[in-house]
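Chemist: Please find coords-v8.txt (compact mmCIF, C-alpha atoms) on the next line:
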```txt
# COMPACT_ATOMS: atom_id res chain seq x y z
CA MET A 1 0.00 0.00 0.00
CA LEU A 2 3.06 2.28 0.35
CA ASP A 3 5.42 3.26 -2.41
CA GLU A 4 9.17 3.20 -1.90
CA ASP A 5 9.48 6.95 -1.30
CA THR A 6 6.81 7.01 1.40
CA PHE A 7 8.23 3.95 3.12
CA SER A 8 11.73 5.44 3.09
CA GLN A 9 10.45 8.69 4.60
CA LEU A 10 8.63 6.83 7.39
CA VAL A 11 11.71 4.79 8.24
CA PHE A 12 13.83 7.94 8.25
CA CYS A 13 11.37 9.65 10.63
CA VAL A 14 11.43 6.72 13.04
CA VAL A 15 15.22 6.67 13.08
CA LEU A 16 15.39 10.45 13.56
CA ILE A 17 12.86 10.47 16.41
CA THR A 18 14.66 7.60 18.17
CA ALA A 19 18.01 9.35 17.79
CA ILE A 20 16.61 12.52 19.36
CA VAL A 21 14.38 11.09 22.10
CA THR A 22 16.80 8.52 23.54
CA PRO A 23 19.57 10.96 24.60
CA LEU A 24 16.97 13.50 25.76
CA VAL A 25 15.42 10.95 28.12
CA ASN A 26 18.84 10.00 29.49
CA ILE A 27 19.73 13.65 30.08
CA LEU A 28 16.44 14.98 31.45
CA TYR A 29 15.29 12.02 33.54
CA LYS A 30 16.18 12.47 37.22
CA HIS A 31 15.67 9.38 39.30
CA ARG A 32 14.30 10.05 42.77
CA PRO A 33 13.99 7.22 45.30
CA ARG A 34 10.60 6.63 46.80
CA VAL A 35 9.81 8.23 50.14
CA HIS A 36 8.09 5.87 52.54
CA ALA A 37 5.78 7.34 55.14
CA GLU A 38 6.57 4.67 57.70
CA SER A 39 10.26 5.55 57.58
CA LEU A 40 9.55 9.24 58.08
CA PHE A 41 7.27 8.81 61.07
CA GLU A 42 9.10 6.06 62.90
CA GLY A 43 12.45 7.81 62.61
CA GLU A 44 14.38 4.59 63.14
CA LEU A 45 17.65 3.64 61.54
CA ARG A 46 17.24 0.17 60.09
CA THR A 47 20.32 -1.64 61.32
CA ILE A 48 21.18 -4.93 62.97
CA GLN A 49 21.64 -3.10 66.27
CA SER A 50 18.18 -1.55 66.17
CA THR A 51 16.47 -4.89 65.45
CA PRO A 52 15.25 -6.48 68.71
CA ARG A 53 16.24 -10.09 69.17
CA ASN A 54 12.69 -11.00 70.13
CA ARG A 55 11.34 -10.01 66.71
CA GLU A 56 11.49 -11.55 63.25
CA PHE A 57 14.81 -10.80 61.57
CA HIS A 58 14.35 -9.79 57.91
CA ILE A 59 17.25 -10.29 55.50
CA VAL A 60 17.50 -9.69 51.74
CA CYS A 61 19.95 -12.12 50.11
CA CYS A 62 21.12 -11.44 46.55
CA VAL A 63 22.75 -14.19 44.46
CA HIS A 64 24.10 -14.30 40.93
CA ASN A 65 24.33 -18.07 40.50
CA GLU A 66 24.27 -21.37 42.36
CA ALA A 67 27.83 -20.94 43.65
CA ASN A 68 26.67 -18.14 45.96
CA VAL A 69 23.96 -20.16 47.68
CA ARG A 70 25.94 -22.40 50.02
CA GLY A 71 27.90 -19.57 51.62
CA ILE A 72 24.85 -17.38 52.11
CA THR A 73 22.71 -20.16 53.58
CA ALA A 74 25.54 -21.02 55.98
CA LEU A 75 25.69 -17.36 57.02
CA LEU A 76 21.93 -17.32 57.55
CA GLU A 77 22.16 -20.39 59.75
CA GLU A 78 24.78 -18.68 61.92
CA CYS A 79 22.40 -15.73 62.40
CA ASN A 80 20.67 -17.99 64.93
CA PRO A 81 17.06 -18.56 63.85
CA VAL A 82 15.05 -19.36 67.00
CA GLN A 83 11.38 -19.30 67.94
CA GLU A 84 11.75 -15.92 69.67
CA SER A 85 13.48 -14.41 66.62
CA PRO A 86 12.77 -16.32 63.38
CA ILE A 87 14.45 -15.30 60.15
CA CYS A 88 12.57 -14.15 57.07
CA VAL A 89 14.75 -14.37 53.95
CA TYR A 90 13.97 -12.49 50.75
CA ALA A 91 16.05 -14.56 48.31
CA VAL A 92 16.59 -12.59 45.09
CA HIS A 93 18.22 -14.01 41.96
CA LEU A 94 19.88 -11.17 40.04
CA ILE A 95 19.74 -11.56 36.25
CA GLU A 96 20.92 -9.02 33.69
CA LEU A 97 18.17 -7.67 31.47
CA VAL A 98 18.66 -8.88 27.89
CA GLY A 99 16.10 -8.41 25.12
CA LYS A 100 13.23 -7.14 27.29
CA SER A 101 11.63 -3.71 27.36
CA ALA A 102 11.23 -3.25 31.10
CA PRO A 103 12.92 -4.58 34.26
CA ILE A 104 10.93 -6.81 36.60
CA LEU A 105 11.03 -7.82 40.25
CA LEU A 106 8.86 -10.91 40.31
CA PRO A 107 7.85 -12.91 43.39
CA ILE A 108 7.93 -16.62 42.66
CA LYS A 109 4.70 -18.35 43.60
CA HIS A 110 4.54 -22.02 44.51
CA ARG A 111 2.36 -22.92 41.57
CA HIS A 112 2.80 -25.28 38.64
CA GLY A 113 2.57 -22.46 36.10
CA SER A 114 5.27 -20.45 37.85
CA ARG A 115 7.60 -23.43 38.00
CA LYS A 116 7.11 -24.06 34.28
CA PHE A 117 7.78 -20.38 33.53
CA LEU A 118 11.06 -20.51 35.46
CA SER A 119 12.22 -23.80 33.98
CA VAL A 120 11.77 -22.45 30.45
CA ASN A 121 12.92 -18.83 30.79
CA TYR A 122 15.26 -18.91 33.82
CA PRO A 123 16.35 -22.51 34.49
CA ASN A 124 19.07 -21.56 37.01
CA THR A 125 16.56 -19.68 39.17
CA ASN A 126 14.60 -22.85 39.80
CA HIS A 127 17.71 -24.63 41.14
CA ILE A 128 18.72 -21.66 43.28
CA MET A 129 15.32 -21.28 44.92
CA GLN A 130 15.07 -25.02 45.45
CA ALA A 131 18.35 -24.83 47.38
CA PHE A 132 16.96 -22.05 49.58
CA GLU A 133 13.80 -24.08 50.19
CA ASN A 134 15.87 -27.11 51.15
CA TYR A 135 17.78 -24.99 53.64
CA SER A 136 14.54 -23.63 55.08
CA ASN A 137 13.21 -27.16 55.59
CA ASN A 138 16.44 -28.39 57.24
CA SER A 139 17.50 -25.36 59.29
CA SER A 140 17.95 -25.58 63.04
CA GLY A 141 15.26 -22.94 63.61
CA PRO A 142 12.32 -21.28 61.88
CA VAL A 143 13.42 -19.79 58.54
CA LYS A 144 10.90 -18.50 56.01
CA VAL A 145 12.11 -18.03 52.43
CA LEU A 146 10.34 -15.66 50.03
CA PRO A 147 11.87 -16.16 46.55
CA TYR A 148 12.16 -13.34 44.01
CA ILE A 149 13.70 -12.87 40.59
CA ASN A 150 15.10 -9.48 39.59
CA VAL A 151 15.67 -9.01 35.86
CA ALA A 152 17.14 -5.56 35.25
CA PRO A 153 20.21 -3.78 33.86
CA TYR A 154 23.12 -3.89 36.28
CA LYS A 155 23.21 -0.11 36.49
CA SER A 156 19.68 0.06 37.98
CA MET A 157 19.43 -3.35 39.63
CA HIS A 158 19.88 -1.88 43.12
CA ASP A 159 16.71 0.21 42.85
CA ALA A 160 14.34 -2.77 42.99
CA ILE A 161 16.31 -4.34 45.86
CA PHE A 162 16.17 -1.15 47.91
CA ASN A 163 12.45 -0.75 47.24
CA LEU A 164 11.91 -4.33 48.41
CA ALA A 165 13.93 -3.63 51.56
CA GLN A 166 12.06 -0.40 52.30
CA ASP A 167 8.62 -1.92 51.71
CA ASN A 168 9.35 -4.69 54.23
CA MET A 169 11.50 -2.66 56.67
CA VAL A 170 14.50 -4.94 56.13
CA PRO A 171 17.56 -4.06 58.27
CA PHE A 172 20.15 -6.26 56.52
CA ILE A 173 21.06 -6.86 52.85
CA ILE A 174 23.68 -9.44 51.82
CA ILE A 175 25.40 -9.34 48.43
CA PRO A 176 28.28 -11.52 47.13
CA PHE A 177 31.62 -9.91 46.42
CA HIS A 178 32.15 -9.14 42.75
CA GLU A 179 35.48 -11.00 42.57
CA ASN A 180 34.24 -14.28 44.01
CA GLY A 181 36.48 -16.99 42.59
CA ASN A 182 33.49 -19.28 42.04
CA ILE A 183 31.88 -16.94 39.52
CA ASP A 184 33.11 -17.65 36.00
CA LEU A 185 32.31 -14.37 34.35
CA VAL A 186 33.54 -12.64 31.24
CA GLY A 187 35.28 -9.34 31.63
CA HIS A 188 32.45 -6.91 30.90
CA VAL A 189 30.02 -8.81 33.18
CA ALA A 190 32.50 -8.81 36.07
CA ALA A 191 33.05 -5.07 35.59
CA SER A 192 29.28 -4.47 35.55
CA ILE A 193 28.81 -6.41 38.79
CA ARG A 194 31.65 -4.45 40.37
CA LYS A 195 29.95 -1.18 39.47
CA MET A 196 26.62 -2.54 40.72
CA ASN A 197 28.16 -3.30 44.12
CA ILE A 198 29.50 0.24 44.28
CA ARG A 199 25.95 1.54 43.75
CA PHE A 200 24.72 -0.77 46.50
CA GLN A 201 27.26 0.72 48.87
CA ALA A 202 26.53 4.30 47.85
CA HIS A 203 22.75 4.14 48.26
CA ALA A 204 22.04 1.35 50.78
CA PRO A 205 19.09 2.38 53.04
CA CYS A 206 20.06 -0.15 55.72
CA THR A 207 23.00 -2.29 56.80
CA LEU A 208 24.81 -3.87 53.86
CA GLY A 209 26.96 -6.97 54.12
CA ILE A 210 29.46 -7.93 51.38
CA LEU A 211 30.37 -11.61 51.56
CA VAL A 212 33.83 -12.53 50.26
CA ASP A 213 33.89 -16.32 49.87
CA ARG A 214 36.34 -17.01 47.09
CA HIS A 215 36.90 -20.68 47.91
CA SER A 216 33.39 -21.56 49.12
CA ARG A 217 34.62 -22.75 52.51
CA LEU A 218 31.67 -21.18 54.30
CA GLY A 219 29.11 -23.89 54.84
CA ALA A 220 31.52 -26.77 54.17
CA SER A 221 31.27 -29.56 56.70
CA ASN A 222 34.02 -29.59 59.32
CA ASN A 223 33.92 -32.60 61.59
CA ASN A 224 37.18 -31.78 63.36
CA ASN A 225 35.88 -28.67 65.09
CA MET A 226 33.02 -28.71 67.52
CA TYR A 227 32.48 -24.96 67.21
CA PHE A 228 31.87 -22.66 64.28
CA ASN A 229 34.63 -20.08 64.91
CA VAL A 230 33.87 -16.43 64.13
CA GLY A 231 36.38 -13.60 64.46
CA VAL A 232 35.27 -9.96 64.78
CA PHE A 233 37.92 -7.28 64.21
CA PHE A 234 36.83 -4.03 65.87
CA ILE A 235 38.37 -0.56 65.77
CA GLY A 236 35.31 1.63 66.28
CA GLY A 237 32.52 3.36 64.44
CA ALA A 238 29.06 2.56 63.12
CA HIS A 239 30.26 0.02 60.54
CA ASP A 240 32.27 -1.96 63.09
CA ARG A 241 29.34 -1.90 65.51
CA GLU A 242 27.14 -3.60 62.92
CA ALA A 243 29.69 -6.42 62.60
CA LEU A 244 29.82 -6.78 66.38
CA ALA A 245 26.01 -6.67 66.69
CA LEU A 246 25.79 -9.56 64.22
CA GLY A 247 28.51 -11.34 66.21
CA ILE A 248 26.42 -10.97 69.38
CA ARG A 249 23.48 -12.56 67.62
CA MET A 250 25.70 -15.41 66.43
CA SER A 251 27.16 -15.97 69.90
CA GLU A 252 23.73 -17.02 71.17
CA ARG A 253 24.15 -20.29 69.29
CA ALA A 254 25.54 -23.08 71.44
CA ASP A 255 27.86 -24.38 68.70
CA THR A 256 29.33 -20.98 67.72
CA ARG A 257 32.38 -19.37 69.29
CA VAL A 258 32.89 -15.65 68.68
CA SER A 259 36.25 -13.97 69.31
CA LEU A 260 36.42 -10.17 69.48
CA PHE A 261 39.72 -8.46 68.66
CA ARG A 262 39.52 -4.82 69.63
CA PHE A 263 42.29 -2.51 68.46
CA VAL A 264 43.04 0.52 70.64
CA ILE A 265 45.06 3.02 68.61
CA VAL A 266 47.10 5.26 70.91
CA ASN A 267 48.47 7.71 68.35
CA LYS A 268 45.50 8.72 66.19
CA LYS A 269 47.03 11.99 65.01
CA PRO A 270 49.52 12.11 62.14
CA CYS A 271 53.02 13.17 63.10
CA GLY A 272 53.47 16.93 63.20
CA CYS A 273 49.75 17.62 62.83
CA LYS A 274 47.42 19.04 65.39
CA ILE A 275 43.78 18.27 64.77
CA ILE A 276 41.32 20.82 66.12
CA LEU A 277 37.75 19.56 66.41
CA THR A 278 34.68 21.75 66.56
CA ARG A 279 32.21 21.40 69.41
CA GLU A 280 29.80 19.36 67.29
CA GLU A 281 32.59 17.06 66.09
CA ARG A 282 33.83 16.59 69.64
CA GLU A 283 30.34 15.70 70.89
CA GLU A 284 29.81 13.31 67.99
CA GLU A 285 33.14 11.60 68.73
CA GLU A 286 32.25 11.21 72.40
CA GLU A 287 28.85 9.75 71.55
CA ASP A 288 30.45 7.39 69.07
CA THR A 289 32.92 6.22 71.72
CA MET A 290 30.14 5.63 74.25
CA LEU A 291 28.17 3.60 71.71
CA ASP A 292 31.26 1.49 71.05
CA GLU A 293 31.80 0.87 74.76
CA GLY A 294 28.16 0.03 75.33
CA LEU A 295 28.06 -2.58 72.58
CA ILE A 296 31.35 -4.10 73.71
CA ASP A 297 29.94 -4.39 77.26
CA GLU A 298 26.92 -6.17 75.83
CA PHE A 299 29.23 -8.61 74.06
CA LYS A 300 31.20 -9.23 77.25
CA SER A 301 28.02 -10.01 79.14
CA MET A 302 27.40 -12.97 76.81
CA LYS A 303 30.22 -14.80 78.62
CA TYR A 304 28.00 -15.19 81.66
CA GLY A 305 25.30 -16.83 79.54
CA ILE A 306 26.55 -19.58 77.26
CA GLY A 307 30.21 -18.72 77.75
CA ASN A 308 31.39 -19.25 74.16
CA VAL A 309 32.79 -15.74 73.64
CA CYS A 310 36.25 -14.32 74.23
CA TRP A 311 37.74 -10.90 73.68
CA TYR A 312 41.18 -9.36 73.35
CA GLU A 313 42.23 -5.73 73.55
CA ILE A 314 45.24 -5.01 71.38
CA THR A 315 47.12 -1.73 71.88
CA VAL A 316 48.89 -0.30 68.85
CA ASP A 317 50.46 3.03 67.96
CA ASP A 318 48.96 3.69 64.53
CA GLY A 319 47.16 2.18 61.58
CA VAL A 320 50.30 0.51 60.25
CA GLU A 321 50.67 -1.48 63.46
CA VAL A 322 47.04 -2.56 63.15
CA LEU A 323 47.84 -4.28 59.87
CA GLU A 324 50.98 -5.80 61.39
CA ALA A 325 48.97 -7.11 64.33
CA VAL A 326 46.46 -8.74 62.00
CA HIS A 327 49.22 -11.03 60.71
CA SER A 328 49.79 -12.36 64.23
CA LEU A 329 46.08 -13.15 64.69
CA GLU A 330 45.79 -15.85 62.05
CA GLY A 331 43.78 -18.80 63.31
CA ASN A 332 41.26 -21.46 62.49
CA TYR A 333 38.36 -19.17 61.56
CA ASP A 334 35.25 -20.26 59.73
CA LEU A 335 34.21 -16.62 59.21
CA VAL A 336 35.74 -13.20 59.84
CA MET A 337 33.67 -10.00 60.15
CA VAL A 338 34.77 -6.37 60.05
CA GLY A 339 33.31 -2.94 59.29
CA ARG A 340 34.05 -1.23 56.01
CA ARG A 341 35.02 2.11 57.59
CA HIS A 342 36.25 3.02 61.07
CA ASN A 343 36.19 6.10 63.26
CA ASP A 344 39.97 6.28 63.22
CA GLY A 345 41.36 8.44 60.44
CA SER A 346 44.68 6.59 60.25
CA LEU A 347 42.93 3.65 58.55
CA ASN A 348 40.94 5.74 56.10
CA GLY A 349 43.75 7.60 54.38
CA LYS A 350 44.48 7.23 50.68
CA GLU A 351 48.18 6.65 51.29
CA MET A 352 47.40 3.25 52.84
CA THR A 353 45.40 2.05 49.83
CA THR A 354 48.27 2.33 47.34
CA PHE A 355 49.01 -1.38 47.22
CA MET A 356 45.49 -2.60 48.00
CA GLU A 357 43.24 -3.80 45.21
CA ASN A 358 39.79 -3.64 46.82
CA ALA A 359 40.19 -1.07 49.60
CA ASP A 360 37.41 1.12 48.19
CA ALA A 361 34.86 -1.69 48.31
CA LEU A 362 36.00 -3.57 51.41
CA GLY A 363 37.91 -0.98 53.38
CA ILE A 364 41.58 -1.25 54.29
CA LEU A 365 41.13 -3.85 57.03
CA GLY A 366 38.55 -5.79 55.03
CA ASP A 367 40.85 -5.94 52.03
CA MET A 368 43.67 -7.10 54.29
CA LEU A 369 41.58 -9.89 55.85
CA SER A 370 40.40 -11.14 52.45
CA SER A 371 43.86 -11.14 50.89
CA VAL A 372 46.36 -13.99 50.72
CA GLU A 373 48.36 -12.25 53.46
CA PHE A 374 45.80 -13.39 56.05
CA CYS A 375 45.25 -17.15 56.42
CA MET A 376 46.37 -17.56 52.78
CA GLY A 377 43.12 -15.94 51.63
CA MET A 378 41.11 -19.05 52.54
CA VAL A 379 38.87 -17.51 55.22
CA PRO A 380 35.44 -16.10 54.22
CA VAL A 381 35.06 -12.42 55.15
CA LEU A 382 31.86 -10.44 55.77
CA VAL A 383 32.32 -6.68 55.45
CA THR A 384 29.46 -4.67 56.99
CA GLN A 385 28.40 -1.14 56.18
CA CYS A 386 25.90 0.88 58.20
CA GLY A 387 23.65 2.68 55.72
CA GLY A 388 20.55 4.83 55.84
CA VAL A 389 19.83 8.22 57.37
CA LYS A 390 18.15 8.68 60.68
CA ILE A 391 15.21 11.09 60.38
CA SER A 392 14.61 12.04 63.97
CA SER A 393 15.89 10.82 67.28
CA SER A 394 16.38 11.82 70.84
CA SER A 395 19.90 12.29 72.09
CA ASN A 396 19.10 10.07 75.03
CA ASN A 397 18.54 7.12 72.71
CA LYS A 398 22.18 7.22 71.68
CA LEU A 399 23.18 6.29 75.21
CA ASP A 400 20.85 3.32 75.57
CA ARG A 401 23.61 0.80 74.97
CA VAL A 402 26.15 2.41 77.28
CA GLY A 403 26.67 0.10 80.22
CA SER A 404 29.19 -0.55 82.94
CA VAL A 405 32.78 -1.35 82.17
CA ASN A 406 33.42 -3.46 85.24
CA VAL A 407 34.06 -6.66 83.29
CA SER A 408 37.63 -7.93 83.29
CA GLN A 409 39.28 -8.34 79.91
CA LYS A 410 42.38 -9.84 78.36
CA ARG A 411 44.97 -7.41 77.13
CA LEU A 412 47.63 -7.90 74.49
CA SER A 413 50.30 -5.33 73.66
CA VAL A 414 51.74 -5.39 70.16
CA HIS A 415 55.04 -3.64 69.61
CA LYS A 416 57.33 -3.30 66.66
```
Represent the structure from my file as structure tokens, please.
Modeler:
Amino acid sequence: MLDEDTFSQLVFCVVLITAIVTPLVNILYKHRPRVHAESLFEGELRTIQSTPRNREFHIVCCVHNEANVRGITALLEECNPVQESPICVYAVHLIELVGKSAPILLPIKHRHGSRKFLSVNYPNTNHIMQAFENYSNNSSGPVKVLPYINVAPYKSMHDAIFNLAQDNMVPFIIIPFHENGNIDLVGHVAASIRKMNIRFQAHAPCTLGILVDRHSRLGASNNNNMYFNVGVFFIGGAHDREALALGIRMSERADTRVSLFRFVIVNKKPCGCKIILTREEREEEEEDTMLDEGLIDEFKSMKYGIGNVCWYEITVDDGVEVLEAVHSLEGNYDLVMVGRRHNDGSLNGKEMTTFMENADALGILGDMLSSVEFCMGMVPVLVTQCGGVKISSSSNNKLDRVGSVNVSQKRLSVHK
């Protein structure tokens, strides 16, 4: 019905409109995250610390393939699911969007039609969710698994995860490290996942945990050890407190032993520099110190319950001695946890990241613990980051965890 000239003109118009509209949308569109009324009115920071241990513990677990499942399910089991505090897991399989017009976050229903849809379009998802269901049926405590599939471009994949976490008031998100040795990825996919993890860290509305499990030792059976040994490396700050709060939850398990290594840095100021703090900065530092002491006291009190915790206070002069002390603390760990950032400036400087490959993503201490220089790189590492912004709070609430410091402790002095 169309002659060649008319058809050519129509094709030219379509190409011209597409060439103009596509860059305009990319330039003019400004993404704004959703504002949730419940977050504004409650004014609570969704963290592991703020989650009562007599309430259901919600966790979002993101996986790329089947190799991520065993380590994450083992970590979930160590989070101590009990009747007083069951665990609700939002298991999300992350798939790159290819050949579709719109991203989707799809809950997987337990129906025959849904299973057939997955087996045809996303065969790996069916195996992954079956593994989570098997863990739920065989866990030591009540664990509820809600499976999801997230098909989206890597650059916007975090949006759907954060919306899911905000809708369900989730305090903890777990993602696998982008250089996991079990993931056989081509170069551009690995780079895309690395950038995706950076967006997770930059915009996380709650506590984010990055699991480094290159050799899939987490969750492997170990008949020689009676205990599951967890090491927590603590310097101070909100990120380290999240790692310790998770360690406190783990220490409530009878077959888990948690060791706390607290580093006390004597010389926090660079040589020849005098740091002058404002009144607000001084008050914030004092409050941060009191929160650290309060959470450490809570950890110490666990010794008088089950008695499977131990702690060490290690005195060092600066951040360099912290890294040297880490070498002397190698042991038979099944899992090591540490915060991404610390309240001590000597471990946040750029000069210390010169020879570190993943310091931006894992922090200096996290990169050190996950490298071959510590336990030959065989120990799984969980790096925690405290995210979100607190809307409103009373200053008295910041002192809720501050307790007595009358508990005796072991001390170790590390010298050059």
Chemist: With the cut-off set at 12 Å and counting all atoms listed in the file, tabulate each residue of region 160-210 of chain A with an atom at most that distance from an atom of region 136-153 of chain A, showing the nearest atom pair and its distance in Å to one decimal, ordered by chain and increasing number, as CSV.
Modeler:
```
residue,atom,partner,partner_atom,distance
A:Ala160,CA,A:Asn150,CA,7.6
A:Ile161,CA,A:Asn150,CA,8.2
A:Phe162,CA,A:Asn150,CA,11.8
A:Asn163,CA,A:Asn150,CA,11.9
A:Leu164,CA,A:Tyr148,CA,10.0
A:Asn168,CA,A:Leu146,CA,11.8
A:Val189,CA,A:Pro153,CA,11.0
A:Ser192,CA,A:Pro153,CA,9.3
A:Ile193,CA,A:Pro153,CA,10.3
A:Lys195,CA,A:Pro153,CA,11.5
A:Met196,CA,A:Pro153,CA,9.5
```
Chemist: Step by step: start from the point (9.0, -18.0, 62.9) in the file's coordinates, keep every protein, DNA or RNA residue that has an atom no farther than 10 Å from it, count only C-alpha atoms, and write the set as a list in words.
Modeler: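 The requested residues, written out, are Arg55, Glu56, Phe57, Pro81, Val82, Gln83, Glu84, Ser85, Pro86, Ile87, Cys88, Gly141, Pro142, Val143 and Lys144 of chain A.
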Chemist: Given the selection you just returned, output its residues as a file containing C-alpha atoms, formatted as a CSV table (one decimal), in the frame of the given file.
Modeler:
```
chain,number,residue,atom,x,y,z
A,55,ARG,CA,11.3,-10.0,66.7
A,56,GLU,CA,11.5,-11.6,63.2
A,57,PHE,CA,14.8,-10.8,61.6
A,81,PRO,CA,17.1,-18.6,63.8
A,82,VAL,CA,15.0,-19.4,67.0
A,83,GLN,CA,11.4,-19.3,67.9
A,84,GLU,CA,11.8,-15.9,69.7
A,85,SER,CA,13.5,-14.4,66.6
A,86,PRO,CA,12.8,-16.3,63.4
A,87,ILE,CA,14.4,-15.3,60.2
A,88,CYS,CA,12.6,-14.2,57.1
A,141,GLY,CA,15.3,-22.9,63.6
A,142,PRO,CA,12.3,-21.3,61.9
A,143,VAL,CA,13.4,-19.8,58.5
A,144,LYS,CA,10.9,-18.5,56.0
```
Chemist: Ranking A:Ala19, A:Pro176, A:Val372, A:Met157 by minimum distance to Val69 (chain A) and counting only C-alpha atoms, which one comes first?
Modeler: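 Between A:Ala19, A:Pro176, A:Val372, A:Met157, the residue approaching Val69 (chain A) most closely is A:Pro176.
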Chemist: Between CA of Glu66 (chain A) and CA of Thr384 (chain A), what distance in Å does the model show, to one decimal?
Modeler: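 According to the coordinates, CA of Glu66 (chain A) and CA of Thr384 (chain A) are separated by 22.8 Å.
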Chemist: In terms of the shortest atom-to-atom distance over only C-alpha atoms, which of A:Ser156, A:Gln130, A:Gln49, A:Thr207 is closest to Leu291 (chain A)?
Modeler: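 Closest to Leu291 (chain A) of all the choices is A:Gln49.
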Chemist: I'd like the contact shell of region 358-362 of chain A - 7 Å cut-off, only C-alpha atoms, skipping same-chain residues fewer than 5 positions apart - returned as a ChimeraX atom specification.
Modeler: /A:198,340,353,367,383
Chemist: Which of these residues is nearest to Val266 (chain A), using all atoms listed in the file: A:Cys206, A:Asp318, A:Thr73, A:Leu28?
Modeler: A:Asp318
Chemist: Which residues are near Gly331 (chain A)? Cut-off 12 Å, all atoms listed in the file, ignore same chain within fewer than 2 positions. Put them as JSON, numbers by chain.
Modeler: {"A": [229, 230, 231, 259, 326, 327, 328, 329, 333, 334, 335, 336, 369, 374, 375, 376, 378, 379]}
Chemist: With distances taken over all atoms listed in the file, which residue among A:Lys303, A:Arg279, A:His64, A:Arg46 lies nearest Ile175 (chain A)?
Modeler: A:His64
Chemist: Quick one, how far is CA of Cys13 (chain A) from CA of Ile27 (chain A)?
Modeler: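 Between these atoms lies a distance of 21.5 Å.
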Chemist: Tell me which of A:Phe261, A:Phe234, A:Tyr312, A:Tyr135 sits closest to Asn343 (chain A), counting all atoms listed in the file.
Modeler: A:Phe234
Chemist: Within 10 Å of (33.3, -2.9, 70.3) in the file's own coordinates, which protein, DNA or RNA residues have an atom, counting all atoms listed in the file? List them as number ranges by chain.
Modeler: A: 232-238, 240-245, 260-263, 289-300, 311, 313
Chemist: From the list A:Met226, A:Ile210, A:His127, A:Leu382, which residue is nearest Asn197 (chain A) when using all atoms listed in the file?
Modeler: A:Ile210
Chemist: To one decimal place, how far is CA of Val212 (chain A) from CA of Asn124 (chain A) in Å?
Modeler: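 Interatomic distance here is 21.8 Å.
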